[in-house]
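Novice: Sending over a structure as structure tokens; questions will come in a sec.
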Amino acid sequence: MKSKSHTVLSLFSGDRQYRVPFFQRRYTWKQGEQWDPLWEDIRSKAQLRLDGVKGSPHFLGAVVMEPHVSGIDEMRSFDVIDGQQRLTTLQYVLAALGVAHNELKIPVPPSALKCLANTGDDVQSEQDAYKVWPTFTDRAHHLKTLGARSMGEMWKAYPAHFTQRGTLLVHDASRPLSLGAVMFFASSFQEWMTSDGRNPVAAGEAIASAILEDMQLVCLTLESWDDPQVIFETLNDRGAKLTAVDLIRNLIFMRADQDEDADPHALYSEHWLSFEGPEWTGEERRGRLKKTRLEWMIRSMLEAVTGHEVDQQRLYNDYKDFVGRGDVPKSAEQQLLLLKEIGMHYQALVAGTGSSPIGRFGHRASAYEASTVYPLALKIAISGLSADEQRWMYQDLLSYLVRRAVCGLTTKNYNLLFLGALKHISGDDAMSPARLRDYLASSMSDTTRWPRDDEFRAALVSAPLYHGNLDAPRVRQLLTEIEGALRLGQKTEEPDVPSLTHLDIDHIMPRSWHTHWPLPDGLSVTPKEMDTARAAQRDGLELSATQDAILVREGLVNTLGNLTLLNLSVNRSAQHHSFPFKRDQLIKHTNLSLNIHLLVLPEWDNVRIRERSEKLASIALRLYPGPTTRSEVS
């Protein structure tokens with residue numbers, strides 16, 4: 001590798017082009033993290049120039065490039081292995097200097113202009129004229145921004161990002177970074193050139209000299225025997241760290257350059273480009289870590305295909321080890337095909353969409369936030385098993401999650417449990433629903449056991465579910481699935497379960513039941529009497545008959561039999577009223593099977609809550625068959 005220090009002037013003067021490989025990440029530098037510090041560096045050097053002092057050079061960092069073998073009439077060009085953020089920003093800085101001068105109607109320093117465009121005989125196309133040729137994800141904005149010679153032209157090119165007075169919108173998350181960079185530096189330059197009594201021409205020349213002569217970079221040019229990927233792995237951009245996805249993407253496409261008969265551009269367009277979309281680049285939080293969905297997917301993929309836990313901090317290293325295993329490392333196409341297949345299943349799983357077994361499982365399990373089950377779910381999806389076999393396995397996983405949640409059991413060991421299940425079903429014997437079921441049913445420990453029917457039924461009938469063992473999304477999902485089961489058993493014009501996420505969870509007998517709902521003996525209860533009964537129970541005191549009745553009623557209010565779904569406005573208007581009033585509201589506004597039988601009841605009391613709990617529990621037992629039962633898979 002050859003190393004040489006360059007000023008910005010020597011780097012960009014002469015006809016040459018720095019090409020950002022098409023697979024590299026897009027431009028990411030922003031004001032607070034990178035543009036502000038760079039402007040401060042330029043400003044301080046420009047002030048020294050105005051004061052007649054030539055300071056020491058300022059080091060901007062390193063750029064790593066690999067030269068192209070060019071023909072006699074071709075533009076001399078280099079692939080940018082690392083440092084594209086610096087090179088691209090410097091082009092925006094020089095463009096901004098031209099804009100500032102044009103706004104002030106003074107000549108642009110010629111040295112700055114010749115560093116913005118190639119103009120010699122080697123320029124054979126419009127592309128050749130650009131000093132930096134960006135990846136195509138950035139290309140349109142890069143060319144449009146550099147083509148504007150004034151702020152007015154940028155306003156005209158990007159009207160949606162400006163106010164009616166021609167200033168940039170303040171809160172504009174969709175603003176192209178190229179536009180933001182040129183506007184930031186142009187405004188900064190123009191303000192400094194015209195403030196504190198400075199002569200704009202002299203100040204502009206000082207800025208140009210500071211940029212072109214005082215800013216320096218170390219350029220590392222690869223020799224034929226250097227490995228670009230090894231170099232890339234060791235370097236970071238200023239303030240914008242390389243992510244695991246950046247490294248993995250470059251590993252794949254540098255391998256594509258080595259694979260015989262591989263077309264890197266076609267592979268990128270057909271198999272990788274979709275991963276650059278917002279559905280993959282958006283960040284998601286798991287515990288204390290916040291990563292892109294693509295990073296989480298790659299981690300789940302590695303765990304699914306290797307059966308080993310992956311540390312998110314070592315994701316790239318584990319991926320590199322995975323593709324290098326075996327006598328022949330996996331080709332770029334093999335890697336991309338696997339990523340694309342897993343990505344399709346992962347999106348269905350996370351979004352809970354589609355009719356595939358894994359999409360259906362994702363929809364039903366979404367409320368339980370069990371990302372630790374994703375590798376196992378993906379392994380099932382790519383297993384080659386029939387759709388029915390996959391549905392049986394997903395049904396058992398869902399039952400495991402739901403039963404433990406309803407019974408109030410911990411989730412803290414799920415990562416180890418599901419990885420253990422993944423290894424068990426991936427052993428020497430053929431994968432099958434029976435192997436997964438046997439594994440899930442084998443543990444008797446409270447931390448991992450799969451609750452049997454008697455325990456599940458007892459929790460459904462007697463345990464406090466809401467508020468209690470389940471949060472609102474889980475209660476809503478449980479009631480929605482019970483609603484679906486009720487409809488399947490009836491002749492109905494609406495056999496499919498609609499989305500019920502817009503409905504409120506309602507306590508038929510309200511939690512503040514003492515207002516309109518007397519005890520079974522007709523006795524009304526005051527809030528003070530309820531507090532006294534709770535205190536007596538807490539302190540282990542002997543309870544009176546009234547206190548015992550109060551606590552029995554309190555224990556029933558949050559159970560399954562007393563829960564339903566209602567329109568928000570109906571729930572708000574009826575929640576503290578007596579049952580006859582609430583029943584009249586239901587007659588007018590509900591069509592849920594969950595509520596139909598309530599319409600003919602004269603009253604709602606302890607007995608009816610228990611009866612409804614038993615009925616709904618029987619349905620839930622069929623929806624979520626346990627370790628000793630098997631029912632038809634929905």
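Residues are named by chain letter and number: chains run A, B, ... in the order of the structure tokens, numbers start at 1 in each chain, and ligands are numbered from 1 in the order shown.
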Mind checking which residues fall within 10 Å of Gly147 of chain A, counting only C-alpha atoms, ignoring those fewer than 6 positions away in the same chain, and posting them as a tab-separated table (two decimals) with C-alpha atoms, in the first residue's frame?

Specialist:
```
chain	number	residue	atom	x	y	z
A	95	ALA	CA	-19.82	23.84	-4.28
A	141	HIS	CA	-29.48	14.36	-5.27
A	153	GLU	CA	-31.51	27.59	-7.92
A	154	MET	CA	-31.53	25.16	-5.00
A	157	ALA	CA	-34.75	22.45	-7.54
```

Novice: Skip Lys423 of chain A itself and residues of its chain fewer than 3 positions away, then list as a PyMOL selection string all residues within 6 Å of it, counting only C-alpha atoms.

Specialist: chain A and resi 307+420+426

Novice: I need the residues from that last selection saved to file as a PDB file, in the first residue's frame (with N, CA and C atoms), if you can.

Specialist:
```pdb
ATOM      1  N   GLY A 307     -27.400 -22.558  14.828  1.00  0.00           N
ATOM      2  CA  GLY A 307     -27.815 -23.099  16.112  1.00  0.00           C
ATOM      3  C   GLY A 307     -27.028 -22.549  17.278  1.00  0.00           C
ATOM      4  N   GLY A 420     -32.025 -23.850  22.601  1.00  0.00           N
ATOM      5  CA  GLY A 420     -31.962 -25.283  22.883  1.00  0.00           C
ATOM      6  C   GLY A 420     -32.935 -26.064  22.020  1.00  0.00           C
ATOM      7  N   SER A 426     -32.738 -29.641  15.143  1.00  0.00           N
ATOM      8  CA  SER A 426     -31.798 -29.611  14.023  1.00  0.00           C
ATOM      9  C   SER A 426     -30.762 -30.719  14.128  1.00  0.00           C
TER      10      SER A 426
END
```

Novice: What lies within 10 Å of segment 284-291 of chain A using only C-alpha atoms, ignoring chain neighbours under 5 positions off, as an MDAnalysis selection string?

Specialist: chainID A and resid 243:244 296 312:313 369 371

Novice: With a distance cut-off of 12 Å and only C-alpha atoms, select the neighbouring residues of His68 of chain A, excluding the residue or stretch itself and same-chain residues fewer than 5 positions from it, and output the selection as a PyMOL selection string.

Specialist: chain A and resi 16-19+74-80+221-224

Novice: Let me see the file: selected residues, all heavy atoms, as a tab-separated table (two decimals), in the first residue's frame.

Specialist:
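Result written to part.tsv:
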```tsv
chain	number	residue	atom	x	y	z
A	16	ARG	N	-9.29	13.56	-12.83
A	16	ARG	CA	-9.36	12.24	-12.20
A	16	ARG	C	-10.71	12.11	-11.52
A	16	ARG	O	-11.34	13.12	-11.19
A	16	ARG	CB	-8.23	12.04	-11.20
A	16	ARG	CG	-8.31	12.95	-10.00
A	16	ARG	CD	-7.09	12.81	-9.11
A	16	ARG	NE	-5.90	13.34	-9.75
A	16	ARG	CZ	-4.68	13.28	-9.22
A	16	ARG	NH1	-4.50	12.70	-8.05
A	16	ARG	NH2	-3.65	13.81	-9.86
A	17	GLN	N	-11.13	10.90	-11.30
A	17	GLN	CA	-12.44	10.68	-10.68
A	17	GLN	C	-12.32	9.62	-9.58
A	17	GLN	O	-11.66	8.59	-9.75
A	17	GLN	CB	-13.46	10.21	-11.73
A	17	GLN	CG	-14.88	10.10	-11.20
A	17	GLN	CD	-15.86	9.76	-12.30
A	17	GLN	OE1	-15.91	8.61	-12.76
A	17	GLN	NE2	-16.64	10.75	-12.75
A	18	TYR	N	-13.00	9.92	-8.49
A	18	TYR	CA	-13.06	8.99	-7.35
A	18	TYR	C	-14.46	8.38	-7.32
A	18	TYR	O	-15.45	9.07	-7.09
A	18	TYR	CB	-12.75	9.73	-6.05
A	18	TYR	CG	-11.40	10.42	-6.09
A	18	TYR	CD1	-11.31	11.79	-6.31
A	18	TYR	CD2	-10.23	9.68	-5.97
A	18	TYR	CE1	-10.08	12.43	-6.37
A	18	TYR	CE2	-8.99	10.31	-6.03
A	18	TYR	CZ	-8.92	11.67	-6.24
A	18	TYR	OH	-7.69	12.29	-6.31
A	19	ARG	N	-14.52	7.09	-7.58
A	19	ARG	CA	-15.81	6.40	-7.71
A	19	ARG	C	-16.13	5.64	-6.43
A	19	ARG	O	-15.34	4.80	-5.98
A	19	ARG	CB	-15.76	5.42	-8.89
A	19	ARG	CG	-15.48	6.08	-10.23
A	19	ARG	CD	-15.32	5.05	-11.33
A	19	ARG	NE	-15.02	5.68	-12.62
A	19	ARG	CZ	-14.70	5.00	-13.73
A	19	ARG	NH1	-14.65	3.66	-13.69
A	19	ARG	NH2	-14.45	5.64	-14.85
A	74	GLU	N	-9.08	7.13	-21.52
A	74	GLU	CA	-10.05	7.05	-20.44
A	74	GLU	C	-9.64	7.93	-19.26
A	74	GLU	O	-8.44	8.19	-19.04
A	74	GLU	CB	-10.21	5.61	-19.97
A	74	GLU	CG	-10.89	4.69	-20.98
A	74	GLU	CD	-11.04	3.28	-20.45
A	74	GLU	OE1	-10.19	2.84	-19.64
A	74	GLU	OE2	-12.01	2.62	-20.84
A	75	MET	N	-10.65	8.35	-18.52
A	75	MET	CA	-10.43	9.14	-17.32
A	75	MET	C	-9.67	8.31	-16.28
A	75	MET	O	-9.99	7.15	-16.05
A	75	MET	CB	-11.78	9.59	-16.75
A	75	MET	CG	-11.71	10.32	-15.43
A	75	MET	SD	-11.03	11.97	-15.65
A	75	MET	CE	-12.21	12.65	-16.80
A	76	ARG	N	-8.67	8.89	-15.67
A	76	ARG	CA	-7.97	8.21	-14.58
A	76	ARG	C	-8.93	8.13	-13.39
A	76	ARG	O	-9.49	9.15	-12.96
A	76	ARG	CB	-6.71	8.98	-14.20
A	76	ARG	CG	-5.82	8.22	-13.22
A	76	ARG	CD	-4.61	9.05	-12.84
A	76	ARG	NE	-3.76	8.32	-11.92
A	76	ARG	CZ	-2.82	8.87	-11.17
A	76	ARG	NH1	-2.63	10.20	-11.25
A	76	ARG	NH2	-2.08	8.15	-10.35
A	77	SER	N	-9.14	6.93	-12.85
A	77	SER	CA	-10.15	6.78	-11.81
A	77	SER	C	-9.69	5.84	-10.72
A	77	SER	O	-8.77	5.01	-10.91
A	77	SER	CB	-11.47	6.26	-12.42
A	77	SER	OG	-11.29	5.00	-13.01
A	78	PHE	N	-10.35	5.97	-9.56
A	78	PHE	CA	-10.02	5.18	-8.38
A	78	PHE	C	-11.33	4.73	-7.71
A	78	PHE	O	-12.29	5.51	-7.64
A	78	PHE	CB	-9.22	6.00	-7.37
A	78	PHE	CG	-7.93	6.55	-7.89
A	78	PHE	CD1	-7.91	7.72	-8.65
A	78	PHE	CD2	-6.73	5.92	-7.64
A	78	PHE	CE1	-6.73	8.24	-9.14
A	78	PHE	CE2	-5.53	6.44	-8.11
A	78	PHE	CZ	-5.53	7.60	-8.87
A	79	ASP	N	-11.36	3.52	-7.21
A	79	ASP	CA	-12.45	3.09	-6.34
A	79	ASP	C	-12.15	3.53	-4.92
A	79	ASP	O	-11.04	3.31	-4.41
A	79	ASP	CB	-12.60	1.56	-6.36
A	79	ASP	CG	-13.48	1.07	-7.49
A	79	ASP	OD1	-14.18	1.91	-8.09
A	79	ASP	OD2	-13.47	-0.14	-7.77
A	80	VAL	N	-13.14	4.15	-4.28
A	80	VAL	CA	-12.96	4.61	-2.90
A	80	VAL	C	-13.33	3.47	-1.96
A	80	VAL	O	-14.51	3.13	-1.79
A	80	VAL	CB	-13.83	5.85	-2.61
A	80	VAL	CG1	-13.58	6.33	-1.18
A	80	VAL	CG2	-13.54	6.95	-3.61
A	221	THR	N	-3.13	4.22	-1.27
A	221	THR	CA	-3.46	3.61	-2.55
A	221	THR	C	-3.03	2.15	-2.53
A	221	THR	O	-1.87	1.83	-2.26
A	221	THR	CB	-2.74	4.35	-3.69
A	221	THR	OG1	-3.06	5.75	-3.60
A	221	THR	CG2	-3.20	3.81	-5.04
A	222	LEU	N	-3.98	1.26	-2.79
A	222	LEU	CA	-3.71	-0.17	-2.70
A	222	LEU	C	-2.82	-0.64	-3.84
A	222	LEU	O	-2.94	-0.17	-4.98
A	222	LEU	CB	-5.02	-0.96	-2.72
A	222	LEU	CG	-6.04	-0.65	-1.62
A	222	LEU	CD1	-7.15	-1.68	-1.65
A	222	LEU	CD2	-5.40	-0.61	-0.25
A	223	GLU	N	-1.96	-1.59	-3.51
A	223	GLU	CA	-1.19	-2.30	-4.53
A	223	GLU	C	-2.00	-3.51	-4.99
A	223	GLU	O	-3.02	-3.87	-4.39
A	223	GLU	CB	0.16	-2.75	-3.93
A	223	GLU	CG	0.96	-1.63	-3.32
A	223	GLU	CD	1.75	-0.83	-4.34
A	223	GLU	OE1	1.48	-1.00	-5.55
A	223	GLU	OE2	2.60	-0.03	-3.93
A	224	SER	N	-1.55	-4.17	-6.01
A	224	SER	CA	-2.31	-5.29	-6.57
A	224	SER	C	-2.47	-6.44	-5.59
A	224	SER	O	-3.42	-7.20	-5.66
A	224	SER	CB	-1.62	-5.79	-7.85
A	224	SER	OG	-0.29	-6.21	-7.56
```

Novice: Just list as a PyMOL selection string whatever in segment 128-376 of chain A DSSP marks as alpha helix (DSSP H).

Specialist: chain A and resi 136-146+151-157+177-194+200-209+228-234+244-258+264-267+278-281+293-306+315-324+332-351+357-365+374-376

Novice: Tell me which of A:Val525, A:Leu217, A:Met393, A:Val402 sits closest to Asp438 of chain A, counting only C-alpha atoms.

Specialist: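 The closest residue to Asp438 of chain A is A:Met393.
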
Novice: Determine, using only C-alpha atoms, which residues of segment 317-419 of chain A have any atom at most 12 Å from an atom of segment 260-268 of chain A, and tabulate each with its shortest atom pair and distance in Å to one decimal place, rows ordered by chain and then rising number, as a tab-separated table.

Specialist:
```
residue	atom	partner	partner_atom	distance
A:Ser331	CA	A:Ala262	CA	9.2
A:Ala332	CA	A:Ala262	CA	8.2
A:Glu333	CA	A:Leu267	CA	7.0
A:Gln334	CA	A:Leu267	CA	10.5
A:Gln335	CA	A:Leu267	CA	10.5
A:Leu336	CA	A:Leu267	CA	7.8
A:Leu337	CA	A:Leu267	CA	9.5
A:Lys340	CA	A:Leu267	CA	11.2
```

Novice: For those residues, write N, CA and C atoms to a file as a PDB file, in the first residue's frame.

Specialist:
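Contents of part_37.pdb, as written:
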```pdb
ATOM      1  N   SER A 331     -20.311 -18.317  -1.993  1.00  0.00           N
ATOM      2  CA  SER A 331     -20.192 -17.265  -2.994  1.00  0.00           C
ATOM      3  C   SER A 331     -21.094 -16.098  -2.635  1.00  0.00           C
ATOM      4  N   ALA A 332     -20.876 -14.983  -3.306  1.00  0.00           N
ATOM      5  CA  ALA A 332     -21.733 -13.808  -3.066  1.00  0.00           C
ATOM      6  C   ALA A 332     -23.179 -14.141  -3.387  1.00  0.00           C
ATOM      7  N   GLU A 333     -23.412 -14.864  -4.489  1.00  0.00           N
ATOM      8  CA  GLU A 333     -24.790 -15.197  -4.862  1.00  0.00           C
ATOM      9  C   GLU A 333     -25.432 -16.104  -3.829  1.00  0.00           C
ATOM     10  N   GLN A 334     -24.697 -17.085  -3.307  1.00  0.00           N
ATOM     11  CA  GLN A 334     -25.243 -17.962  -2.277  1.00  0.00           C
ATOM     12  C   GLN A 334     -25.627 -17.163  -1.030  1.00  0.00           C
ATOM     13  N   GLN A 335     -24.767 -16.247  -0.639  1.00  0.00           N
ATOM     14  CA  GLN A 335     -25.060 -15.419   0.537  1.00  0.00           C
ATOM     15  C   GLN A 335     -26.313 -14.581   0.306  1.00  0.00           C
ATOM     16  N   LEU A 336     -26.410 -13.961  -0.852  1.00  0.00           N
ATOM     17  CA  LEU A 336     -27.542 -13.078  -1.133  1.00  0.00           C
ATOM     18  C   LEU A 336     -28.853 -13.852  -1.246  1.00  0.00           C
ATOM     19  N   LEU A 337     -28.807 -15.032  -1.837  1.00  0.00           N
ATOM     20  CA  LEU A 337     -30.024 -15.841  -1.943  1.00  0.00           C
ATOM     21  C   LEU A 337     -30.519 -16.253  -0.564  1.00  0.00           C
ATOM     22  N   LYS A 340     -31.994 -13.168   1.112  1.00  0.00           N
ATOM     23  CA  LYS A 340     -33.283 -12.812   0.518  1.00  0.00           C
ATOM     24  C   LYS A 340     -34.382 -13.758   0.994  1.00  0.00           C
TER      25      LYS A 340
END
```

Novice: Between atom CA of Asn118 of chain A and atom CA of Thr89 of chain A, what is the distance in Å, rounded to a tenth?

Specialist: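 Pair atom CA of Asn118 of chain A / atom CA of Thr89 of chain A returns 17.6 Å.
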
Novice: Please measure the separation of atom CA of Trp29 of chain A and atom CA of Val64 of chain A, giving the value in Å to one decimal.

Specialist: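 Distance between the two atoms: 18.0 Å.
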